[in-house]
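Data block below; observations after.
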Amino acid sequence: MAALNPQQQAAVKTIDHPLLVLAGAGSGKTRVITEKIAYLVQQGTLARYIAALTFTNKAAREMKERVSKLLDSQQSRGLRVSTFHSLGLDILRKEHKALGYKSGLTLFDDQDKLTLLRNLIAHGLTDCDIDAVDFYNKQIGDWKNAFITPERAISTATDENHAVALLYNDFNRNLKAYNAVDFDDLILKPVLLFQQNPEILEKWQNKIRYLLVDEYQDTNITQYQLVRILAGNLGRFTVVGDDDQSIYAWRGAQPENLAQLEKDYARLKVIKLEQNYRSAGRILKVANQLISNNPHTFEKKLWSNLGFGDPLKVISHKDDRSEATQIISEIIHHKFRHGGNYSDYAILYRGNHQSRLFERTLRENNVPYFISGNSSFFAYSEIKDILAYLRLFVNQDDDAAFLRIINTPRREIGPTTLEKLGAYANKRHISLFTACFELGLAQSLSEKSVFRLKKFADWIIDTAEKIEIGDTFVVIDRFIQQLNYEAWLHENSKTQAAAERKIKNVYDLIEWLKRIADKETEDEKSLAEIISKILLMDILERNQEEEAGDQISLMTLHASKGLEFPHVFLIGIEENLLPHQNSIETDNIEEERRLAYVGITRAQRSCTFSYCTHRKRYGEVSECEPSRFLNELPEEDLEWSNKKQLEPEVIKARGKANLANLKSMLS
DNA sequence: TTATCCAAGATTTTT
DNA sequence: TCTTGGATAA
């Protein structure tokens, strides 16, 4: 492995000052973090006192892997490399008592939140409109990301916001009653905990004596609070970031946090990494030119010595169909000519929906591909069902889980029954589950309904007890049989194959849980711990093996950050798509430009842009214009093709012929 | 209480 | 174009 360059070395060896590393794309920032961990250990800091924080599971996994190449397992024992969210979950699990939570904390996902909010609006006292529930959800999330508690939201709310602030308060109280937290709470609650309990803070500051943060430009206000309070006044931390790659402002990320560090830590050192080890010079030139249209707090100019390279291609298409056909045919062609691998190619796009046509075309032509992060494993209804049961075993006050599966599979407990049960529970301030056992129910419900509810609740309690005392997974396997879930899936799936797939998903989930249980240390083995943990993981975790195969990568620009590919195709570079229409309307072009910048800087050897003159939107054909960003690129480094417009049928026929030809050549 | 059909809305990005 | 949810019938 090549030696570190002087700036990288300085970044690794600066450990007596708080440090900000401004690391351009491809400048080896992950390497700096991993080498720094190794250096700290060599300098005598035990690995168990070091924590490295990332935003994605994938990044954490990769970092762990790279550290393991530098340190043996003895040396790296106890090293913490995790996402912000799993650190937060860890803290909450260990300190739940101080915040007034019971053990068996439930994690609410976005759907659970929306269900709860809808319920609160429907039955609550606040003056909110059910149709605006998405807006409220976002507002509450924004508050949590900006470290604004309900009390503060209420006291500072404007007239129009006042009702939402009350809803926020209501929402939080309900979460508490369910012994649940949402994703944002995983960061917010630990900060509150530390602020209110100095002795607990001290304990954790003692546990984490050196903190490293990756993708620092993506931190929101609350995350920065967490970093700050953990790092304490000593400021024993290194953060690595790049303001040009800040693409999560919509989620509350504050690239201003980079500049804020200089204000908060007088002793802060700043080191810039500007040598790029990834891309050909021409690609960097184009990227630099594009991003120079944005204002900058920190000036920085990437360069590389990997050769200049060919001009970047810009291809126009008649419509989105022929875009897919032509780009794929181009890739097959290119691969055949150069004898590379499918995995050398990535197709990047702004919105997930853009992958559809490509996916179909790839499948029709038997080209192996991998779509990254399209839909989460946890979005599958069968997975949500099973998880809801598991959640209920662990925490019977979890109304969201209760509602999800009370009638799945069918137990003849319909909306009317639930409506009455809900009213009863509401009046008594008890959970739906607890209400099932109340004698008072008989007043509003038929004997039959009460019996069904109680039978269900008894069964849950019974199984939960068995899980507690017996072999957890034996009990769970038996429970799935008792559920008759397989039969239910068969009844409710459109095709036999769909049912089989769902059943496989369920068993995958259980297998996965088992594997996590095996990995955890003894005291973290309870089902409760495992379930809260698994919700933080994503499908990528599961698809490691699949991802490793020789296949074309398809993903959103957001998902591509941190990755690199020899050949990148940036598709749909059109006005209203990139920059996205909403961003144009809200005058937020800069972040879109950074998104394009991220896309271009993923490329090692070639980068190709593609746009359509017509595109189907919502099934209607509409006209498109090439993106303004194309005009910002240096003309001499671009090579435009498709100057003359062909008739659609000709393109179609040609594309088909091309693909057919290549296919026969390949096989 | 459940099944089926039709209309309306969605497509920005995610831990 | 596809998915979701609400209305209606059985």
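In the structure tokens, chains take letters A, B, ... by order of appearance, with residues numbered from 1 within each chain and ligands from 1 in the order shown.
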
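All chain A residues having an atom within 10 Å of chain C, based on only C-alpha atoms (C1' of nucleotides), amount to A:Lys616, A:Arg617, A:Tyr618, A:Gly619, A:Glu620.
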
Next, the residues of the selection above should be written as a short mmCIF file (atom, residue, chain, number, x, y, z; two decimals), in the first residue's frame with N, CA and C atoms.
data_model
loop_
_atom_site.label_atom_id
_atom_site.label_comp_id
_atom_site.auth_asym_id
_atom_site.auth_seq_id
_atom_site.Cartn_x
_atom_site.Cartn_y
_atom_site.Cartn_z
N LYS A 616 -41.67 10.03 -19.92
CA LYS A 616 -42.99 9.74 -19.37
C LYS A 616 -43.00 10.08 -17.89
N ARG A 617 -43.94 10.94 -17.54
CA ARG A 617 -44.11 11.23 -16.11
C ARG A 617 -45.54 10.91 -15.76
N TYR A 618 -45.75 10.11 -14.75
CA TYR A 618 -47.10 9.68 -14.37
C TYR A 618 -47.85 9.14 -15.57
N GLY A 619 -47.12 8.47 -16.46
CA GLY A 619 -47.77 7.87 -17.61
C GLY A 619 -48.06 8.84 -18.74
N GLU A 620 -47.74 10.12 -18.53
CA GLU A 620 -47.92 11.12 -19.59
C GLU A 620 -46.56 11.52 -20.15
#

Output as JSON, numbers by chain all residues of range 328-569 of chain A that backbone DSSP marks as strand (DSSP E or B). {"A": [345, 346, 347, 348, 349, 369, 370, 371, 552, 553, 554, 555, 556, 565, 566, 567, 568, 569]}

Determine, using only C-alpha atoms (C1' of nucleotides), which residues of chain A have any atom at most 7 Å from an atom of chain B, and tabulate each with its shortest atom pair and distance in Å to one decimal place, rows ordered by chain and then rising number, as a tab-separated table.
residue	atom	partner	partner_atom	distance
A:Phe55	CA	B:DT15	C1'	6.7
A:Thr56	CA	B:DT15	C1'	6.8
A:His85	CA	B:DT15	C1'	6.8
A:Gly351	CA	B:DT12	C1'	5.8
A:His353	CA	B:DT11	C1'	6.4
A:Gly414	CA	B:DT1	C1'	6.5
A:His558	CA	B:DT13	C1'	6.2
A:His580	CA	B:DT12	C1'	7.0

Given the selection you just returned, output its residues as a file containing N, CA, C and O atoms, formatted as an mmCIF file, in the first residue's frame.
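The resulting result_12.cif:
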data_model
loop_
_atom_site.group_PDB
_atom_site.id
_atom_site.type_symbol
_atom_site.label_atom_id
_atom_site.label_comp_id
_atom_site.auth_asym_id
_atom_site.auth_seq_id
_atom_site.Cartn_x
_atom_site.Cartn_y
_atom_site.Cartn_z
ATOM 1 N N PHE A 55 -22.493 7.477 9.134
ATOM 2 C CA PHE A 55 -23.930 7.671 8.968
ATOM 3 C C PHE A 55 -24.635 6.418 8.490
ATOM 4 O O PHE A 55 -25.810 6.235 8.736
ATOM 5 N N THR A 56 -23.925 5.585 7.752
ATOM 6 C CA THR A 56 -24.583 4.395 7.232
ATOM 7 C C THR A 56 -23.937 3.130 7.784
ATOM 8 O O THR A 56 -22.762 3.122 8.151
ATOM 9 N N HIS A 85 -26.725 6.440 14.964
ATOM 10 C CA HIS A 85 -27.963 5.922 15.523
ATOM 11 C C HIS A 85 -27.725 4.704 16.401
ATOM 12 O O HIS A 85 -28.364 4.560 17.434
ATOM 13 N N GLY A 351 -33.799 10.082 -8.788
ATOM 14 C CA GLY A 351 -34.922 9.505 -8.058
ATOM 15 C C GLY A 351 -35.034 8.006 -8.280
ATOM 16 O O GLY A 351 -34.718 7.509 -9.361
ATOM 17 N N HIS A 353 -37.449 6.142 -8.922
ATOM 18 C CA HIS A 353 -38.339 5.683 -9.995
ATOM 19 C C HIS A 353 -37.585 5.538 -11.311
ATOM 20 O O HIS A 353 -37.988 4.784 -12.177
ATOM 21 N N GLY A 414 -62.444 -6.741 13.720
ATOM 22 C CA GLY A 414 -62.469 -5.701 12.699
ATOM 23 C C GLY A 414 -62.418 -4.296 13.266
ATOM 24 O O GLY A 414 -62.274 -4.113 14.471
ATOM 25 N N HIS A 558 -27.618 9.906 -4.037
ATOM 26 C CA HIS A 558 -27.399 9.920 -2.594
ATOM 27 C C HIS A 558 -26.715 8.648 -2.120
ATOM 28 O O HIS A 558 -25.801 8.688 -1.304
ATOM 29 N N HIS A 580 -33.760 18.933 -9.270
ATOM 30 C CA HIS A 580 -35.126 18.475 -9.110
ATOM 31 C C HIS A 580 -36.091 19.656 -9.060
ATOM 32 O O HIS A 580 -35.751 20.723 -8.561
#

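Here CA of Glu465 in chain A is placed at a distance of 13.7 Å from CA of Tyr389 in chain A.
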
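Proximity to Thr14 in chain A was assessed for A:Thr115, A:Asn233, A:Asn407, A:Thr238 counting only C-alpha atoms; the smallest distance is recorded for A:Thr238.
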
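The space separating CA of Val506 in chain A from CA of Leu117 in chain A comes to 28.2 Å.
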
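Comparing A:Asn145, A:Ser627, A:Ser292, A:Asn161 by their smallest distance to Gln225 in chain A, the closest is A:Asn145 (using only C-alpha atoms).
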